[in-house]
$ cat final.cif   # mmCIF, C-alpha atoms and all ligand atoms
data_data
loop_
_atom_site.label_atom_id
_atom_site.label_comp_id
_atom_site.auth_asym_id
_atom_site.auth_seq_id
_atom_site.Cartn_x
_atom_site.Cartn_y
_atom_site.Cartn_z
CA MET S 1 0.00 0.00 0.00
CA LYS S 2 1.34 3.40 -0.98
CA GLN S 3 2.20 5.62 1.99
CA ILE S 4 0.85 9.16 1.57
CA VAL S 5 2.19 10.42 4.90
CA VAL S 6 5.14 9.07 6.87
CA ALA S 7 5.80 10.84 10.18
CA GLU S 8 8.66 9.73 12.39
CA SER S 9 9.52 11.14 15.82
CA LEU S 10 8.19 14.63 15.14
CA THR S 11 8.98 17.18 17.80
CA LYS S 12 7.99 20.79 18.31
CA HIS S 13 8.49 23.38 21.03
CA TYR S 14 6.64 26.64 21.50
CA GLY S 15 9.26 28.54 23.46
CA ASP S 16 10.28 26.06 26.16
CA PHE S 17 7.02 24.18 25.98
CA PRO S 18 7.23 20.77 24.26
CA ALA S 19 4.04 20.52 22.19
CA LEU S 20 5.17 17.37 20.32
CA LYS S 21 7.57 14.95 21.97
CA GLY S 22 8.20 12.40 19.21
CA VAL S 23 5.07 11.67 17.20
CA SER S 24 5.11 8.86 14.62
CA PHE S 25 2.41 7.49 12.32
CA ASN S 26 1.83 6.50 8.69
CA ILE S 27 -1.17 7.12 6.47
CA SER S 28 -1.85 4.83 3.50
CA GLU S 29 -3.50 5.89 0.27
CA GLY S 30 -7.31 5.93 0.48
CA GLU S 31 -7.35 5.66 4.25
CA CYS S 32 -9.20 7.86 6.73
CA PHE S 33 -6.79 8.39 9.59
CA GLY S 34 -7.74 10.01 12.89
CA LEU S 35 -5.85 11.96 15.55
CA LEU S 36 -7.75 11.88 18.83
CA GLY S 37 -6.91 13.72 21.97
CA HIS S 38 -7.94 16.32 24.51
CA ASN S 39 -7.26 20.00 23.90
CA GLY S 40 -3.54 20.60 23.99
CA ALA S 41 -2.60 17.05 22.93
CA GLY S 42 -0.76 18.35 19.87
CA LYS S 43 -3.24 17.45 17.12
CA SER S 44 -3.37 20.83 15.40
CA THR S 45 0.40 21.24 15.58
CA THR S 46 0.80 17.88 13.83
CA LEU S 47 -1.66 18.81 11.09
CA LYS S 48 -0.07 22.25 10.65
CA MET S 49 3.22 20.51 9.91
CA LEU S 50 1.44 18.56 7.18
CA TYR S 51 0.04 21.64 5.48
CA GLY S 52 3.14 23.72 5.94
CA LEU S 53 2.07 26.13 8.68
CA ALA S 54 4.36 24.72 11.39
CA ARG S 55 8.00 23.84 10.86
CA VAL S 56 9.22 20.34 11.70
CA GLU S 57 11.78 20.84 14.47
CA SER S 58 13.22 17.34 14.50
CA GLY S 59 12.13 14.01 13.07
CA GLN S 60 11.07 13.13 9.57
CA LEU S 61 7.91 14.03 7.70
CA ARG S 62 7.29 12.80 4.18
CA LEU S 63 4.27 13.74 2.08
CA PHE S 64 3.56 11.87 -1.17
CA ASP S 65 7.10 10.51 -0.93
CA HIS S 66 8.78 13.93 -0.63
CA PRO S 67 10.45 15.35 2.46
CA ILE S 68 8.08 18.04 3.75
CA SER S 69 10.69 20.79 3.41
CA LEU S 70 10.99 20.04 -0.31
CA THR S 71 7.30 19.57 -1.10
CA PRO S 72 6.91 20.55 -4.75
CA PRO S 73 4.16 23.08 -5.59
CA ALA S 74 2.35 20.34 -7.51
CA ILE S 75 1.76 18.52 -4.23
CA LYS S 76 0.53 21.60 -2.40
CA GLN S 77 -2.04 21.81 -5.21
CA ILE S 78 -3.55 18.46 -4.23
CA LEU S 79 -4.00 19.17 -0.53
CA GLY S 80 -7.35 20.27 0.86
CA VAL S 81 -7.15 21.99 4.23
CA VAL S 82 -9.85 22.63 6.84
CA PRO S 83 -8.11 24.53 9.67
CA GLN S 84 -9.48 24.44 13.18
CA GLU S 85 -10.40 28.13 13.07
CA ASP S 86 -12.75 29.27 10.31
CA ASN S 87 -10.55 31.69 8.37
CA LEU S 88 -13.16 32.86 5.86
CA ASP S 89 -12.95 36.34 4.36
CA PRO S 90 -15.64 38.39 6.15
CA ASP S 91 -15.57 41.07 3.44
CA LEU S 92 -16.77 38.73 0.72
CA PRO S 93 -20.11 36.94 0.34
CA VAL S 94 -20.16 33.15 0.41
CA LEU S 95 -19.81 32.44 -3.30
CA GLU S 96 -17.05 35.06 -3.75
CA ASN S 97 -15.14 33.50 -0.85
CA LEU S 98 -14.99 30.26 -2.77
CA ILE S 99 -14.27 31.76 -6.18
CA THR S 100 -11.38 33.82 -4.79
CA TYR S 101 -9.92 30.75 -3.10
CA ALA S 102 -10.27 28.62 -6.24
CA ARG S 103 -8.42 31.33 -8.23
CA LEU S 104 -5.42 30.84 -5.88
CA PHE S 105 -5.09 27.38 -7.40
CA GLY S 106 -4.90 28.88 -10.88
CA ILE S 107 -8.46 27.88 -11.78
CA GLY S 108 -9.97 30.23 -14.43
CA ARG S 109 -12.81 32.56 -13.36
CA ALA S 110 -15.64 30.75 -15.18
CA GLN S 111 -14.54 27.34 -13.99
CA ALA S 112 -13.93 28.66 -10.47
CA ARG S 113 -17.53 29.90 -10.36
CA GLU S 114 -18.90 26.63 -11.66
CA LYS S 115 -16.85 24.57 -9.20
CA SER S 116 -17.76 26.88 -6.30
CA LEU S 117 -21.47 26.54 -7.03
CA ALA S 118 -21.09 22.77 -7.24
CA MET S 119 -19.29 22.62 -3.87
CA LEU S 120 -21.94 24.86 -2.24
CA ARG S 121 -24.59 22.43 -3.47
CA PHE S 122 -22.50 19.47 -2.29
CA MET S 123 -22.35 20.89 1.24
CA GLY S 124 -26.02 21.93 1.28
CA LEU S 125 -25.28 25.68 1.17
CA ASP S 126 -26.67 26.61 -2.26
CA ALA S 127 -29.30 28.92 -0.73
CA LYS S 128 -26.50 30.94 0.90
CA GLU S 129 -24.38 31.99 -2.04
CA GLU S 130 -25.08 35.72 -1.61
CA SER S 131 -24.97 35.70 2.23
CA LEU S 132 -22.29 37.51 4.16
CA ILE S 133 -20.03 35.33 6.28
CA ASP S 134 -21.15 37.02 9.49
CA ALA S 135 -24.75 36.05 8.71
CA LEU S 136 -23.91 32.34 8.69
CA SER S 137 -24.32 30.07 11.70
CA GLY S 138 -21.23 28.38 13.14
CA GLY S 139 -22.25 25.13 11.49
CA GLN S 140 -22.75 26.78 8.08
CA LYS S 141 -19.30 28.39 8.31
CA ARG S 142 -17.78 25.00 9.08
CA ARG S 143 -19.51 23.45 6.08
CA LEU S 144 -18.33 26.35 3.92
CA VAL S 145 -14.72 25.82 4.96
CA ILE S 146 -15.10 22.16 4.00
CA ALA S 147 -16.62 23.18 0.64
CA ARG S 148 -13.65 25.51 0.11
CA ALA S 149 -11.16 22.73 0.87
CA LEU S 150 -12.68 20.65 -1.93
CA LEU S 151 -12.40 23.25 -4.71
CA ASN S 152 -9.07 21.94 -5.97
CA SER S 153 -10.24 18.28 -5.96
CA PRO S 154 -7.67 17.32 -3.30
CA ARG S 155 -6.11 13.86 -3.05
CA LEU S 156 -5.29 14.41 0.62
CA LEU S 157 -7.85 16.15 2.78
CA ILE S 158 -6.60 17.52 6.11
CA LEU S 159 -9.47 18.25 8.50
CA ASP S 160 -8.85 19.84 11.91
CA GLU S 161 -12.02 19.29 13.97
CA PRO S 162 -14.31 19.38 10.93
CA THR S 163 -17.53 19.01 12.90
CA THR S 164 -16.88 20.98 16.08
CA GLY S 165 -19.80 23.38 16.54
CA LEU S 166 -22.14 21.50 14.20
CA ASP S 167 -25.53 20.27 15.35
CA PRO S 168 -26.16 16.50 15.06
CA GLN S 169 -27.86 16.91 11.68
CA GLY S 170 -24.95 18.95 10.28
CA ARG S 171 -22.50 16.45 11.68
CA HIS S 172 -24.26 13.55 9.95
CA LEU S 173 -24.28 15.48 6.67
CA VAL S 174 -20.52 16.05 6.92
CA TRP S 175 -19.90 12.39 7.79
CA GLN S 176 -21.95 11.31 4.78
CA LYS S 177 -20.01 13.64 2.45
CA LEU S 178 -16.65 12.56 3.83
CA ARG S 179 -17.60 8.90 3.34
CA GLY S 180 -18.51 9.73 -0.26
CA LEU S 181 -15.10 11.35 -0.84
CA LYS S 182 -13.39 8.37 0.74
CA SER S 183 -15.19 6.01 -1.61
CA GLU S 184 -13.76 8.10 -4.46
CA GLY S 185 -10.28 7.35 -3.13
CA VAL S 186 -9.52 10.61 -1.31
CA THR S 187 -7.09 10.07 1.57
CA MET S 188 -8.10 11.85 4.77
CA VAL S 189 -6.58 12.81 8.06
CA LEU S 190 -8.82 14.34 10.67
CA THR S 191 -8.75 15.39 14.29
CA THR S 192 -11.73 15.10 16.54
CA HIS S 193 -12.71 14.74 20.14
CA TYR S 194 -15.96 13.07 19.24
CA MET S 195 -15.38 9.38 19.76
CA GLU S 196 -18.42 8.48 17.71
CA GLU S 197 -17.01 10.45 14.79
CA ALA S 198 -13.73 8.57 14.99
CA ALA S 199 -15.53 5.23 15.22
CA GLN S 200 -17.77 6.13 12.27
CA LEU S 201 -15.17 7.52 9.90
CA CYS S 202 -11.65 6.43 10.76
CA ASP S 203 -10.06 3.26 9.43
CA ARG S 204 -7.19 3.76 11.85
CA LEU S 205 -6.36 6.28 14.49
CA VAL S 206 -3.88 7.37 17.10
CA ILE S 207 -4.76 8.63 20.56
CA MET S 208 -2.51 11.56 21.43
CA HIS S 209 -1.88 12.98 24.88
CA GLU S 210 0.50 15.77 25.90
CA GLY S 211 2.54 15.59 22.73
CA LEU S 212 2.81 11.80 22.55
CA VAL S 213 1.04 9.01 20.70
CA LEU S 214 -0.34 6.66 23.35
CA THR S 215 -1.71 3.99 21.03
CA GLU S 216 -2.58 3.26 17.42
CA GLY S 217 -4.99 0.90 15.68
CA THR S 218 -8.42 0.44 14.13
CA PRO S 219 -11.29 1.51 16.41
CA SER S 220 -12.21 -2.12 17.13
CA GLU S 221 -8.58 -3.15 17.72
CA LEU S 222 -8.19 -0.36 20.25
CA VAL S 223 -11.32 -1.37 22.13
CA ALA S 224 -10.31 -5.05 22.07
CA SER S 225 -6.76 -4.41 23.25
CA HIS S 226 -7.35 -1.82 25.99
CA VAL S 227 -10.66 -2.64 27.68
CA LEU S 228 -12.96 -5.59 28.38
CA PRO S 229 -15.94 -5.81 26.01
CA PHE S 230 -18.80 -4.77 28.34
CA VAL S 231 -19.23 -1.90 30.75
CA ILE S 232 -21.67 -1.34 33.56
CA GLU S 233 -21.85 2.32 34.43
CA ILE S 234 -22.83 2.86 38.04
CA ARG S 235 -24.23 6.36 38.33
CA LEU S 236 -24.27 6.63 42.11
CA PRO S 237 -22.21 8.59 44.64
CA LEU S 238 -19.20 6.52 45.70
CA ASP S 239 -20.53 6.28 49.29
CA ALA S 240 -23.61 4.45 47.98
CA ILE S 241 -21.42 1.74 46.43
CA PRO S 242 -20.04 -1.15 48.56
CA ASP S 243 -16.40 -0.42 49.56
CA ASP S 244 -15.11 -3.75 48.35
CA ILE S 245 -16.76 -3.59 44.93
CA GLY S 246 -13.35 -3.46 43.23
CA ASP S 247 -12.39 -6.78 44.82
CA ARG S 248 -15.75 -8.30 44.02
CA VAL S 249 -15.45 -7.33 40.37
CA ASN S 250 -11.84 -8.55 40.24
CA ALA S 251 -12.94 -11.93 41.63
CA PHE S 252 -15.38 -11.93 38.75
CA GLY S 253 -12.58 -11.48 36.23
CA GLY S 254 -13.48 -7.84 35.67
CA GLU S 255 -12.20 -4.46 36.70
CA ALA S 256 -13.64 -1.32 38.33
CA LEU S 257 -12.54 2.13 37.20
CA PRO S 258 -13.60 5.27 39.09
CA VAL S 259 -14.88 8.06 36.86
CA MET S 260 -15.99 11.53 37.83
CA GLU S 261 -19.64 10.75 38.35
CA GLY S 262 -19.39 7.18 39.69
CA LEU S 263 -17.77 3.90 38.79
CA PHE S 264 -17.43 1.88 35.58
CA LEU S 265 -17.22 -1.91 35.80
CA TYR S 266 -15.52 -3.66 32.89
CA THR S 267 -16.25 -7.31 32.22
CA ARG S 268 -16.33 -10.09 29.67
CA GLU S 269 -19.70 -11.24 30.97
CA GLY S 270 -22.03 -8.27 30.88
CA ASN S 271 -25.26 -10.09 31.61
CA ARG S 272 -23.85 -12.19 34.44
CA LEU S 273 -22.29 -9.16 36.18
CA TRP S 274 -25.55 -7.28 35.66
CA GLN S 275 -27.41 -9.98 37.63
CA GLN S 276 -24.66 -9.94 40.21
CA ILE S 277 -24.79 -6.20 40.96
CA GLY S 278 -28.51 -6.59 41.71
CA ASP S 279 -27.58 -9.24 44.27
CA TRP S 280 -24.95 -6.84 45.68
CA GLY S 281 -27.73 -4.39 46.45
CA LEU S 282 -27.01 -1.86 43.69
CA PRO S 283 -30.23 -0.43 42.21
CA GLN S 284 -30.25 -1.33 38.51
CA HIS S 285 -32.18 1.86 37.63
CA SER S 286 -28.99 3.81 38.48
CA CYS S 287 -26.82 1.48 36.41
CA PHE S 288 -26.40 1.04 32.69
CA LEU S 289 -24.98 -1.91 30.74
CA ARG S 290 -23.43 -1.23 27.32
CA PRO S 291 -20.68 -2.49 24.99
CA ALA S 292 -17.26 -0.90 25.53
CA SER S 293 -16.33 1.88 23.08
CA LEU S 294 -13.46 4.16 22.13
CA GLU S 295 -14.60 6.47 24.90
CA ASP S 296 -13.57 3.77 27.39
CA VAL S 297 -10.17 3.39 25.74
CA PHE S 298 -9.74 7.12 26.05
CA LEU S 299 -10.75 7.13 29.68
CA ARG S 300 -8.38 4.32 30.47
CA LEU S 301 -5.39 5.83 28.68
CA THR S 302 -5.77 9.49 29.53
CA GLY S 303 -7.51 9.25 32.88
CA ARG S 304 -10.64 11.01 31.71
CA GLY S 305 -13.32 10.75 29.06
CA THR S 306 -14.11 13.24 26.35
CA GLU S 307 -17.35 14.59 27.70
CA PRO S 308 -16.93 18.15 28.97
N1 LIG S 401 1.40 29.28 18.66
C1 LIG S 401 1.54 28.73 19.86
N2 LIG S 401 2.25 29.34 20.83
C2 LIG S 401 2.41 28.78 22.05
N3 LIG S 401 1.88 27.60 22.41
C3 LIG S 401 1.14 26.95 21.49
C4 LIG S 401 0.94 27.48 20.18
N4 LIG S 401 0.17 26.60 19.47
C5 LIG S 401 -0.09 25.59 20.32
N5 LIG S 401 0.49 25.79 21.53
C6 LIG S 401 0.45 24.87 22.68
O1 LIG S 401 0.90 23.59 22.25
C7 LIG S 401 0.08 22.55 22.76
C8 LIG S 401 -0.50 21.75 21.64
O2 LIG S 401 -1.42 22.57 20.94
P1 LIG S 401 -2.29 22.05 19.71
O3 LIG S 401 -1.40 21.38 18.73
O4 LIG S 401 -3.11 23.18 19.24
O5 LIG S 401 -3.18 20.92 20.43
P2 LIG S 401 -4.62 20.35 20.05
O6 LIG S 401 -4.93 20.71 18.63
O7 LIG S 401 -4.48 18.88 20.29
O8 LIG S 401 -5.57 20.98 21.01
C9 LIG S 401 -0.95 23.24 23.65
O9 LIG S 401 -0.53 23.18 24.99
C10 LIG S 401 -0.98 24.66 23.14
O10 LIG S 401 -1.32 25.54 24.18
MG MG S 402 -6.46 21.72 17.84
#
$ encode --input "final.cif" --output "structure tokens"
Amino acid sequence: MKQIVVAESLTKHYGDFPALKGVSFNISEGECFGLLGHNGAGKSTTLKMLYGLARVESGQLRLFDHPISLTPPAIKQILGVVPQEDNLDPDLPVLENLITYARLFGIGRAQAREKSLAMLRFMGLDAKEESLIDALSGGQKRRLVIARALLNSPRLLILDEPTTGLDPQGRHLVWQKLRGLKSEGVTMVLTTHYMEEAAQLCDRLVIMHEGLVLTEGTPSELVASHVLPFVIEIRLPLDAIPDDIGDRVNAFGGEALPVMEGLFLYTREGNRLWQQIGDWGLPQHSCFLRPASLEDVFLRLTGRGTEP
């Protein structure tokens, strides 16, 4: 499989602060690759290195088989970039924003207009072509930045939190469009702190924390290798839970993990433990049995979940 991105031991300091402490990953052609992590993990810095906004301090970064410092202009032409901050031009209406951007890629005026209209339709913004940027909702701006990133028909799409600020409907629309692009062979790298987004879209991902990659794999590999397959969430104050519950769950072959609002019990035998906690005097209406997810992997590796 052709490697589109090869990153080895990337480091970066802002002043004395180490934002990246040796980050490595590869992205294969056609893959959707995710970077997950809390704020400050180093996701945006990593992506900025890919699109040329942050300099690689040490380590190796290759893009389409070229060292990043020598990326030929022809390769910059096939990148699509959605930065974390919406950097739209507030002085231009929606359609003009896109046309102006397309012209930067050397696309002729007539074709730029045609392509811009097509991308507005693609992202469900065709009714907004004359609107001013300030009149758009946060979600519409986000969709517009995605539309803009597609004007040059990129082969590698770099998306920094593409759906932050979108309502659930907008998020599903973006997911659907990104899946469509993936089926056309577009390679993608995205950051997110929505675990469901990562599970839905990413073929493979890394979990980053404080400038390091903690783990890498497919969503199901990560769940299988870091946590037991079922979780019982006990939503009760800790003083309402028997003191020795950890030992009881251990004796059961499972594991108890304290979380902010209670305790999570991990087990291979969800139904059997569910019966058991009833016998232990825990009210089942304050408990919840579910399959383990990426959120649990995150909680285990970083010490907290992704919910605010
Ligand atoms: N331009 C900058 N100047 C100083 N510190 C920065 C700058 N950009 C990022 N940082 C710091 O580097 C760390 C990583 O930031 P970033 O890559 O934006 O993380 P993420 O995108 O995962 O939230 C954070 O602690 C952030 O405060
Ligand atoms: Mg960021």
$ residues_around --input "final.cif" --residues "Val81 in chain S" --least-positions-apart "4" --cutoff "7 Å" --atoms "all atoms listed in the file" --output "short mmCIF file (atom, residue, chain, number, x, y, z; two decimals) with C-alpha atoms, in the frame of the given file"
data_model
loop_
_atom_site.label_atom_id
_atom_site.label_comp_id
_atom_site.auth_asym_id
_atom_site.auth_seq_id
_atom_site.Cartn_x
_atom_site.Cartn_y
_atom_site.Cartn_z
CA ALA S 149 -11.16 22.73 0.87
CA LEU S 157 -7.85 16.15 2.78
CA ILE S 158 -6.60 17.52 6.11
CA LEU S 159 -9.47 18.25 8.50
#
$ residues_near_ligand --input "final.cif" --ligand "ligand LIG 401 (chain S)" --cutoff "6 Å" --atoms "all atoms listed in the file" --output "PyMOL selection string"
chain S and resi 14+19+37+39-45
$ closest_residue --input "final.cif" --among "S:Val23, S:Leu151, S:Leu35, S:Val249" --to "ligand MG 402 (chain S)" --atoms "only C-alpha atoms and all ligand atoms"
S:Leu35
$ closest_atom_pairs --input "final.cif" --of "range 26-76 of chain S" --to "range 217-233 of chain S" --cutoff "12 Å" --atoms "all atoms listed in the file" --output "tab-separated table"
residue	atom	partner	partner_atom	distance
S:Asn26	CA	S:Gly217	CA	11.3
S:Ile27	CA	S:Gly217	CA	11.8
S:Glu31	CA	S:Thr218	CA	11.2
S:Cys32	CA	S:Thr218	CA	10.5
S:Phe33	CA	S:Thr218	CA	9.3
S:Gly34	CA	S:Thr218	CA	9.7
S:Leu35	CA	S:Gly217	CA	11.1
S:Leu36	CA	S:Pro219	CA	11.2
$ closest_residue --input "final.cif" --among "S:Leu95, S:Ile68, S:Ala118, S:Leu190" --to "Leu47 in chain S" --atoms "all atoms listed in the file"
S:Leu190
$ closest_residue --input "final.cif" --among "S:Glu57, S:Asp239, S:Glu295, S:Glu114" --to "Glu261 in chain S" --atoms "all atoms listed in the file"
S:Asp239
$ closest_residue --input "final.cif" --among "S:Gly30, S:Gly52, S:Gly108, S:Gly303" --to "His209 in chain S" --atoms "all atoms listed in the file"
S:Gly303
$ atom_distance --input "final.cif" --atom1 "CA of Arg204 in chain S" --atom2 "CA of His172 in chain S"
19.8 Å
$ closest_residue --input "final.cif" --among "S:Arg235, S:Gly278, S:Ala127, S:His38" --to "Thr302 in chain S" --atoms "all atoms listed in the file"
S:His38
$ closest_residue --input "final.cif" --among "S:Ile234, S:Val56, S:Met208, S:Leu299" --to "ligand MG 402 (chain S)" --atoms "only C-alpha atoms and all ligand atoms"
S:Met208
$ atom_distance --input "final.cif" --atom1 "CA of Gly254 in chain S" --atom2 "CA of Thr215 in chain S"
22.2 Å
$ residues_around --input "final.cif" --residues "Asn152 in chain S" --least-positions-apart "3" --cutoff "7 Å" --atoms "only C-alpha atoms" --output "PyMOL selection string"
chain S and resi 78+102+105
$ write_last_selection --input "final.cif" --atoms "C-alpha atoms" --output "PDB file, keeping the file's coordinate frame"
ATOM      1  CA  ILE S  78      -3.550  18.460  -4.230  1.00  0.00           C
ATOM      2  CA  ALA S 102     -10.270  28.620  -6.240  1.00  0.00           C
ATOM      3  CA  PHE S 105      -5.090  27.380  -7.400  1.00  0.00           C
TER       4      PHE S 105
END
$ atom_distance --input "final.cif" --atom1 "CA of Gly262 in chain S" --atom2 "CA of Leu212 in chain S"
28.4 Å
$ residues_around --input "final.cif" --residues "Gly22 in chain S" --least-positions-apart "4" --cutoff "7 Å" --atoms "only C-alpha atoms" --output "ChimeraX atom specification"
/S:9-11,212
$ axis_aligned_box --input "final.cif" --around "range 27-32 of chain S" --padding-each-side "5 Å" --output "AutoDock Vina command-line options"
--center_x -5.2 --center_y 6.3 --center_z 3.5 --size_x 18.0 --size_y 13.0 --size_z 16.5
$ residues_around --input "final.cif" --residues "Leu294 in chain S" --least-positions-apart "2" --cutoff "8 Å" --atoms "only C-alpha atoms" --output "number ranges by chain"
S: 195-196, 199, 219, 222-223, 292, 296-298
